[in-house]
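K.L.:
Below is the file model.txt, with compact mmCIF, C-alpha atoms and all ligand atoms.
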# COMPACT_ATOMS: atom_id res chain seq x y z
CA MET A 13 147.24 71.88 94.37
CA SER A 14 146.55 73.82 97.53
CA SER A 15 145.69 71.81 100.56
CA ILE A 16 142.39 73.70 100.85
CA ALA A 17 141.23 72.48 97.45
CA ARG A 18 142.47 68.95 98.14
CA ASP A 19 140.99 68.84 101.63
CA PRO A 20 138.05 71.22 101.95
CA LEU A 21 137.39 70.22 105.56
CA GLY A 22 140.92 71.15 106.57
CA THR A 23 141.54 67.84 108.27
CA ASP A 24 145.20 67.84 107.30
CA ARG A 25 146.04 70.82 109.45
CA VAL A 26 146.99 70.82 113.11
CA PRO A 27 144.28 72.57 115.15
CA VAL A 28 145.50 75.68 116.94
CA GLY A 29 144.15 75.55 120.48
CA PRO A 30 144.10 77.99 123.38
CA GLY A 31 146.54 75.81 125.33
CA LEU A 32 144.54 75.86 128.55
CA SER A 33 144.89 73.12 131.16
CA MET A 34 142.51 72.17 133.95
CA PHE A 35 145.61 71.95 136.15
CA ASP A 36 145.90 75.73 135.85
CA PRO A 37 143.62 77.88 138.01
CA MET A 38 140.23 78.55 136.41
CA PHE A 39 139.12 82.19 135.97
CA VAL A 40 135.73 82.78 137.61
CA GLY A 41 135.30 86.55 137.76
CA ILE A 42 136.35 89.50 139.89
CA ASP A 43 136.31 90.26 143.61
CA GLU A 44 134.99 93.42 145.25
CA PHE A 45 138.27 95.21 144.52
CA GLY A 46 138.08 94.34 140.83
CA GLU A 47 140.87 91.77 141.10
CA ALA A 48 140.60 88.61 139.01
CA VAL A 49 139.56 85.52 140.97
CA PHE A 50 140.86 82.07 140.05
CA LEU A 51 140.03 78.65 141.50
CA ASP A 52 142.17 75.53 141.58
CA VAL A 53 139.14 73.45 140.86
CA VAL A 54 140.87 70.26 139.77
CA TYR A 55 141.83 69.24 143.31
CA ARG A 56 138.84 70.71 145.17
CA ASN A 57 135.32 70.27 143.64
CA LEU A 58 132.92 73.22 143.51
CA LEU A 59 129.36 73.53 144.80
CA ALA A 60 127.21 76.50 143.75
CA ALA A 61 123.95 77.15 145.60
CA GLY A 62 121.37 79.88 146.02
CA GLU A 63 117.89 80.91 144.98
CA PRO A 64 116.66 80.61 141.36
CA GLY A 65 118.02 83.35 139.12
CA GLY A 66 121.11 83.93 141.26
CA GLY A 67 123.64 82.89 138.63
CA LYS A 68 124.45 79.24 139.41
CA SER A 69 123.98 77.96 135.87
CA GLY A 70 126.03 80.91 134.63
CA LEU A 71 128.97 79.78 136.76
CA LEU A 72 128.53 76.18 135.60
CA ASN A 73 128.65 77.31 131.99
CA LEU A 74 131.83 79.24 132.68
CA ALA A 75 133.36 76.05 134.08
CA ALA A 76 132.08 74.03 131.10
CA GLY A 77 133.54 76.61 128.69
CA THR A 78 136.90 76.48 130.42
CA ALA A 79 136.94 72.69 130.45
CA ALA A 80 135.86 72.61 126.79
CA LEU A 81 138.89 74.69 125.80
CA CYS A 82 141.34 72.75 127.98
CA ASP A 83 143.73 70.26 126.53
CA ASN A 84 143.21 66.58 127.46
CA THR A 85 139.98 67.32 129.33
CA ARG A 86 136.70 65.44 129.09
CA LEU A 87 133.24 66.56 130.10
CA VAL A 88 130.44 64.56 131.72
CA LEU A 89 127.25 66.61 132.04
CA PHE A 90 124.03 66.21 134.02
CA ASP A 91 121.25 68.66 133.26
CA ALA A 92 117.62 67.73 133.81
CA LYS A 93 116.62 71.04 132.16
CA TRP A 94 118.58 70.21 128.97
CA VAL A 95 119.23 73.82 127.94
CA GLU A 96 121.70 74.91 130.62
CA LEU A 97 124.51 72.49 129.77
CA GLY A 98 123.04 71.29 126.46
CA PRO A 99 125.28 73.56 124.34
CA TRP A 100 128.25 71.38 125.35
CA ARG A 101 126.57 68.02 124.64
CA HIS A 102 128.39 67.40 121.36
CA ILE A 103 131.79 67.48 123.00
CA ALA A 104 130.76 65.69 126.20
CA ASP A 105 131.58 62.03 126.83
CA GLU A 106 128.10 61.76 128.36
CA PHE A 107 125.14 64.10 128.59
CA VAL A 108 122.48 63.00 131.08
CA GLY A 109 119.01 64.57 130.92
CA ARG A 110 115.95 63.58 132.94
CA ASP A 111 116.81 59.92 133.28
CA LEU A 112 117.91 58.72 136.71
CA ASP A 113 118.88 55.23 135.47
CA HIS A 114 121.21 56.85 132.97
CA ALA A 115 122.55 59.15 135.71
CA ILE A 116 123.26 56.19 137.98
CA SER A 117 125.00 54.15 135.30
CA VAL A 118 127.21 57.11 134.31
CA LEU A 119 128.13 57.80 137.96
CA ARG A 120 128.89 54.12 138.52
CA ARG A 121 131.26 54.18 135.57
CA LEU A 122 132.96 57.34 136.83
CA VAL A 123 133.51 55.79 140.26
CA THR A 124 135.06 52.74 138.56
CA VAL A 125 137.40 55.00 136.56
CA ALA A 126 138.36 56.82 139.78
CA ASP A 127 139.03 53.50 141.46
CA ASN A 128 141.24 52.36 138.57
CA ARG A 129 143.16 55.61 138.74
CA TYR A 130 143.85 55.04 142.45
CA GLN A 131 145.16 51.54 141.66
CA TRP A 132 147.44 53.18 139.11
CA LEU A 133 148.59 55.79 141.64
CA LEU A 134 149.25 53.06 144.21
CA ALA A 135 151.32 51.12 141.71
CA HIS A 136 153.32 54.29 141.03
CA GLU A 137 153.75 55.04 144.74
CA ARG A 138 151.91 58.34 144.50
CA ARG A 139 148.90 59.92 146.15
CA LYS A 140 147.57 62.24 143.48
CA VAL A 141 147.78 62.80 139.75
CA ASN A 142 149.45 65.84 138.24
CA ARG A 143 149.56 67.53 134.86
CA TYR A 144 152.59 65.52 133.73
CA ASP A 145 150.85 62.16 134.12
CA ASP A 146 149.07 62.69 130.81
CA LEU A 147 145.83 61.30 132.25
CA SER A 148 142.79 63.18 131.02
CA VAL A 149 140.96 65.39 133.48
CA ILE A 150 137.31 64.30 133.61
CA VAL A 151 135.12 67.21 134.72
CA THR A 152 131.64 66.22 135.91
CA ILE A 153 129.13 69.08 135.94
CA ILE A 154 125.69 68.65 137.50
CA ASP A 155 123.05 71.39 137.32
CA GLU A 156 120.06 71.28 139.68
CA LEU A 157 121.41 68.38 141.68
CA ALA A 158 118.13 68.11 143.59
CA MET A 159 116.36 66.90 140.44
CA TYR A 160 118.42 63.70 140.67
CA SER A 161 118.51 63.36 144.45
CA THR A 162 114.87 64.21 145.24
CA VAL A 163 112.62 64.54 142.17
CA LEU A 164 113.29 61.96 139.44
CA GLY A 165 113.00 58.19 139.95
CA THR A 166 112.20 56.21 143.05
CA LYS A 167 113.56 56.61 146.56
CA PRO A 168 116.04 53.70 146.28
CA GLN A 169 117.31 55.10 142.95
CA GLN A 170 117.75 58.54 144.51
CA GLU A 171 119.68 56.99 147.38
CA GLU A 172 121.90 55.09 144.98
CA PHE A 173 122.54 58.28 143.01
CA GLU A 174 123.48 60.09 146.20
CA SER A 175 125.82 57.42 147.46
CA LEU A 176 127.58 57.14 144.08
CA LEU A 177 127.90 60.93 143.95
CA ARG A 178 129.38 60.92 147.42
CA GLY A 179 131.89 58.32 146.22
CA LEU A 180 132.84 60.37 143.16
CA VAL A 181 133.13 63.66 145.05
CA SER A 182 135.36 62.13 147.71
CA LEU A 183 137.50 60.09 145.28
CA GLY A 184 137.69 62.48 142.36
CA ARG A 185 139.79 65.26 143.79
CA ALA A 186 143.12 63.46 143.84
CA CYS A 187 142.71 61.63 140.55
CA GLY A 188 141.87 64.42 138.13
CA MET A 189 138.09 63.98 138.27
CA PRO A 190 136.58 67.12 139.83
CA VAL A 191 132.83 67.58 140.33
CA ILE A 192 131.13 70.95 139.84
CA ALA A 193 127.51 70.99 140.97
CA ALA A 194 124.67 73.44 141.52
CA THR A 195 121.58 73.23 143.69
CA GLN A 196 119.04 75.70 144.99
CA ARG A 197 119.35 75.05 148.68
CA PRO A 198 121.61 72.36 150.05
CA SER A 199 119.33 71.47 152.96
CA TRP A 200 119.95 68.11 154.62
CA ASP A 201 117.44 66.24 152.45
CA ILE A 202 119.15 67.39 149.22
CA ILE A 203 122.78 67.51 150.26
CA PRO A 204 123.66 66.44 153.77
CA ALA A 205 126.38 68.57 155.41
CA SER A 206 128.80 65.65 155.16
CA LEU A 207 128.47 65.67 151.36
CA ARG A 208 128.52 69.48 151.20
CA ASP A 209 131.81 69.54 153.09
CA LEU A 210 133.46 67.35 150.45
CA PHE A 211 133.23 70.32 148.09
CA GLY A 212 136.40 72.33 148.72
CA PHE A 213 134.92 75.42 147.04
CA ARG A 214 131.41 76.63 147.79
CA ALA A 215 129.72 79.59 146.11
CA ALA A 216 126.65 81.05 147.84
CA PHE A 217 124.63 83.05 145.35
CA ARG A 218 121.73 85.18 146.59
CA CYS A 219 119.65 83.46 149.30
CA THR A 220 116.38 84.46 150.89
CA SER A 221 117.48 83.91 154.48
CA LEU A 222 120.50 83.96 156.73
CA ASN A 223 119.83 80.33 157.51
CA SER A 224 120.05 79.30 153.82
CA SER A 225 123.33 81.19 153.48
CA ASN A 226 124.73 79.30 156.47
CA ILE A 227 123.57 75.98 155.02
CA ILE A 228 125.71 76.67 151.93
CA LEU A 229 128.81 78.22 153.46
CA GLY A 230 128.69 76.58 156.89
CA GLN A 231 127.19 77.43 160.26
CA GLY A 232 128.19 80.80 161.70
CA TRP A 233 129.50 82.63 158.61
CA ALA A 234 126.39 84.80 158.17
CA GLU A 235 126.66 86.07 161.76
CA GLN A 236 130.22 87.16 160.96
CA GLY A 237 128.98 89.24 158.03
CA TYR A 238 129.26 86.74 155.18
CA ASN A 239 125.58 86.50 154.46
CA ALA A 240 124.36 85.71 150.95
CA ALA A 241 120.90 87.06 151.86
CA ASP A 242 122.53 90.53 151.68
CA ILE A 243 123.14 90.14 147.94
CA SER A 244 120.68 92.25 145.96
CA PRO A 245 118.24 90.30 143.74
CA THR A 246 119.31 92.45 140.81
CA ASN A 247 122.98 91.61 141.32
CA GLN A 248 122.96 88.27 139.50
CA GLY A 249 126.24 86.46 139.38
CA ALA A 250 127.33 87.90 142.75
CA ALA A 251 128.24 85.32 145.38
CA TYR A 252 130.24 84.61 148.49
CA LEU A 253 132.94 82.17 147.55
CA LEU A 254 134.45 79.98 150.26
CA ALA A 255 137.60 77.95 149.82
CA GLU A 256 138.22 75.34 152.50
CA GLY A 257 140.34 76.80 155.24
CA GLY A 258 139.75 80.41 154.12
CA LEU A 259 137.34 83.32 154.55
CA PRO A 260 134.37 83.77 152.20
CA ARG A 261 135.15 86.24 149.46
CA ARG A 262 132.63 88.44 147.65
CA VAL A 263 132.87 87.77 143.90
CA LYS A 264 131.02 88.59 140.72
CA ALA A 265 131.17 85.72 138.27
CA ALA A 266 132.09 86.42 134.66
CA TYR A 267 129.07 85.98 132.41
CA LEU A 268 128.76 84.25 129.06
CA SER A 269 125.73 85.09 126.92
CA ASP A 270 123.96 82.31 125.02
CA ALA A 271 125.74 83.45 121.85
CA ASP A 272 129.13 83.33 123.64
CA ILE A 273 128.39 79.84 124.96
CA TYR A 274 127.40 78.42 121.58
CA ALA A 275 130.37 80.12 119.88
CA ILE A 276 132.82 78.63 122.42
CA ALA A 277 131.14 75.22 122.16
CA ASP A 278 131.45 75.31 118.35
CA TYR A 279 135.09 76.33 118.55
CA ALA A 280 135.78 73.59 121.11
CA ALA A 281 134.09 71.01 118.87
CA TRP A 282 136.29 72.14 115.98
CA LEU A 283 139.42 71.91 118.16
CA ARG A 284 138.45 68.43 119.28
CA ARG A 285 137.54 67.09 115.87
CA PRO A 286 139.34 63.95 114.78
CA THR A 287 142.25 64.98 112.61
CA THR A 288 144.40 62.99 110.27
CA ALA A 289 147.12 65.66 110.35
CA ALA A 290 149.82 63.37 111.72
CA PHE A 291 149.38 60.89 108.85
CA ASP A 292 149.00 63.52 106.14
CA TRP A 293 152.26 65.39 106.52
CA GLY A 294 154.14 63.07 104.18
CA MET A 295 151.57 63.47 101.42
CA ALA A 296 151.31 67.23 101.77
CA ALA A 297 155.08 67.72 101.35
N1 LIG B 301 127.66 86.61 136.28
C1 LIG B 301 126.55 87.25 135.86
N2 LIG B 301 126.57 88.55 135.53
C2 LIG B 301 125.46 89.17 135.08
N3 LIG B 301 124.25 88.57 134.95
C3 LIG B 301 124.15 87.28 135.26
C4 LIG B 301 125.30 86.54 135.73
N4 LIG B 301 124.90 85.27 135.98
C5 LIG B 301 123.60 85.23 135.68
N5 LIG B 301 123.14 86.43 135.24
C6 LIG B 301 121.76 86.74 134.83
O1 LIG B 301 120.87 86.07 135.70
C7 LIG B 301 120.01 85.18 134.98
C8 LIG B 301 119.81 83.89 135.78
O2 LIG B 301 121.07 83.25 135.93
P1 LIG B 301 121.18 81.68 136.10
O3 LIG B 301 122.63 81.35 136.03
O4 LIG B 301 120.29 80.99 135.12
O5 LIG B 301 120.62 81.48 137.58
P2 LIG B 301 120.33 80.14 138.39
O6 LIG B 301 120.97 79.01 137.67
O7 LIG B 301 120.94 80.41 139.73
O8 LIG B 301 118.84 80.02 138.46
C9 LIG B 301 120.73 84.96 133.66
O9 LIG B 301 119.82 84.70 132.63
C10 LIG B 301 121.44 86.27 133.44
O10 LIG B 301 120.57 87.20 132.83
MG MG B 302 120.03 77.34 136.91
Can you present the structure in this file as structure tokens?

P.N.:
Amino acid sequence: MSSIARDPLGTDRVPVGPGLSMFDPMFVGIDEFGEAVFLDVVYRNLLAAGEPGGGKSGLLNLAAGTAALCDNTRLVLFDAKWVELGPWRHIADEFVGRDLDHAISVLRRLVTVADNRYQWLLAHERRKVNRYDDLSVIVTIIDELAMYSTVLGTKPQQEEFESLLRGLVSLGRACGMPVIAATQRPSWDIIPASLRDLFGFRAAFRCTSLNSSNIILGQGWAEQGYNAADISPTNQGAAYLLAEGGLPRRVKAAYLSDADIYAIADYAAWLRRPTTAAFDWGMAA
């Protein structure tokens, strides 16, 4: 009897995956010369900021899609608007909507995991994890960060969220737990400069003023010509991308349509389905 008839769900076959790893650079789009742009996001963290409609959620979805297709990679998602990161909810370890208590408890757990990983690194006389450690990469993606730090919940809850986030962003980069976040304008009340600077990559999508561009990239860049207020409102997905220690680079992020996103999420869910393949080989022979 064919295995298809015996096992209509195909659970006795080994899933064929794309073989991506979060330890490889992540493709984000092209630069102004048409060259592909990649980011080593696993050791850096990424903050996207800019005015509404600039393309922040698009970039976050690209990161979620990459993480979804990566081997040994888990997703933790925060999206107070539900629909931006919602397509990935079925494969995420946690999906947080408009609930600050939930957000705080998930962050607290992530910080504990990070802390345990550092104890493990210490015991192994190492300072950061690498791809051969076989620890999962846990990618935390937060859209509209300001919803959690300034809108939902009470002031003490918002402060707790912010201090836990600061803990995760500073701890995560060496233990395979990168944070990718988006916010409209990282002014001091939403993201203080000290938290902003913990993000090794910053993408400034279109801004309305030179000052906003500087708040995202850092003081003085706009005066040197790297001004996200120069990006045309019709050029969505265009941004200045700054890697710590480098010069901002003009990029255009790759774009996934809603249909692309749901198709990738479905494929990723299929890849990640529980499979009994390893136990079935004897029977199938
Ligand atoms: N990389 C891109 N290339 C082309 N169009 C894009 C790109 N990113 C976003 N867009 C367009 O801009 C719209 C708003 O993008 P979105 O990511 O939702 O912005 P934001 O999250 O900054 O408000 C999208 O619906 C899409 O039509
Ligand atoms: Mg958005």

K.L.:
Measuring atom to atom with all atoms listed in the file, identify which of A:Met189, A:Leu134, A:Val40, A:Leu122 is nearest to Lys68 in chain A.

P.N.:
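Among the listed residues, the smallest separation from Lys68 in chain A belongs to A:Val40.
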
K.L.:
Mind listing the residues within 6 Å of ligand LIG 301 (chain B), only C-alpha atoms and all ligand atoms counted, as a list in words?

P.N.:
Pro64, Gly65, Gly66, Gly67, Lys68, Ser69, Gly70, Gln248, Gly249, Lys264, Ala265, Ala266 and Tyr267 of chain A

K.L.:
Between A:Arg101, A:Arg208, A:Arg285, A:Arg262, which one has atoms that come closest to Leu177 in chain A, using only C-alpha atoms?

P.N.:
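Ranked by minimum distance to Leu177 in chain A, first place goes to A:Arg208.
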
K.L.:
Please identify every polymer residue within 10 Å of ligand MG 302 (chain B), using all atoms listed in the file, and present the set as a count of residues only.

P.N.:
24

K.L.:
Determine the axis-aligned bounding box of all atoms of range 225-230 of chain A present in the file, pad each side by 4 Å, and express its centre and edge lengths in Å to one decimal place as AutoDock Vina command-line options.

P.N.:
--center_x 126.1 --center_y 78.6 --center_z 154.4 --size_x 13.5 --size_y 13.2 --size_z 13.0

K.L.:
One decimal, in Å: what's the spacing between CA of Ala234 in chain A and CA of Asp209 in chain A?

P.N.:
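Pair CA of Ala234 in chain A / CA of Asp209 in chain A returns 17.0 Å.
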
K.L.:
Could you give me, as a VMD selection string, the residues within 9 Å of Ala80 in chain A, counting only C-alpha atoms and dropping anything in the same chain fewer than 2 positions from it?

P.N.:
chain A and resid 75 to 78 82 to 83 85 to 87 100 103 to 104 276 to 277 280 to 281 284

K.L.:
Closest to Arg56 in chain A among A:Arg185, A:Arg138, A:Arg214, A:Arg197, using all atoms listed in the file?

P.N.:
A:Arg185

K.L.:
Could you give me, as a PyMOL selection string, the residues within 9 Å of range 159-169 of chain A, counting all atoms listed in the file and dropping anything in the same chain fewer than 4 positions from it?

P.N.:
chain A and resi 91-92+110-113+115-116+155+173-174+195+201-203

K.L.:
Have a look at A:Val53, A:Arg218, A:Pro198, A:Val108 and name the one nearest to Ile154 in chain A; count all atoms listed in the file.

P.N.:
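Of all the options, A:Val108 lies closest to Ile154 in chain A.
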
K.L.:
Using all atoms listed in the file, which residues sit within 12 Å of Gly237 in chain A once same-chain residues fewer than 6 positions away are excluded, as a list in words?

P.N.:
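Once the nearby chain positions are removed, what remains is Leu222, Ser225, Asn226, Leu229, Ile243, Tyr252, Leu259, Pro260, Arg261 and Arg262 of chain A.
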
K.L.:
Using all atoms listed in the file, which residue out of A:Asp242, A:Glu172, A:Asp105, A:Glu137 lies closest to Ser117 in chain A?

P.N.:
A:Glu172

K.L.:
Distance CA of Leu119 in chain A-CA of His102 in chain A, one decimal place?

P.N.:
19.2 Å

K.L.:
Work out how far CA of Asp43 in chain A is from CA of Leu210 in chain A, in Å to one decimal.

P.N.:
24.1 Å

K.L.:
Which residue out of A:Leu81, A:Pro204, A:Ala255, A:Asp145 has the minimum interatomic distance to Ser175 in chain A when only C-alpha atoms are used?

P.N.:
A:Pro204
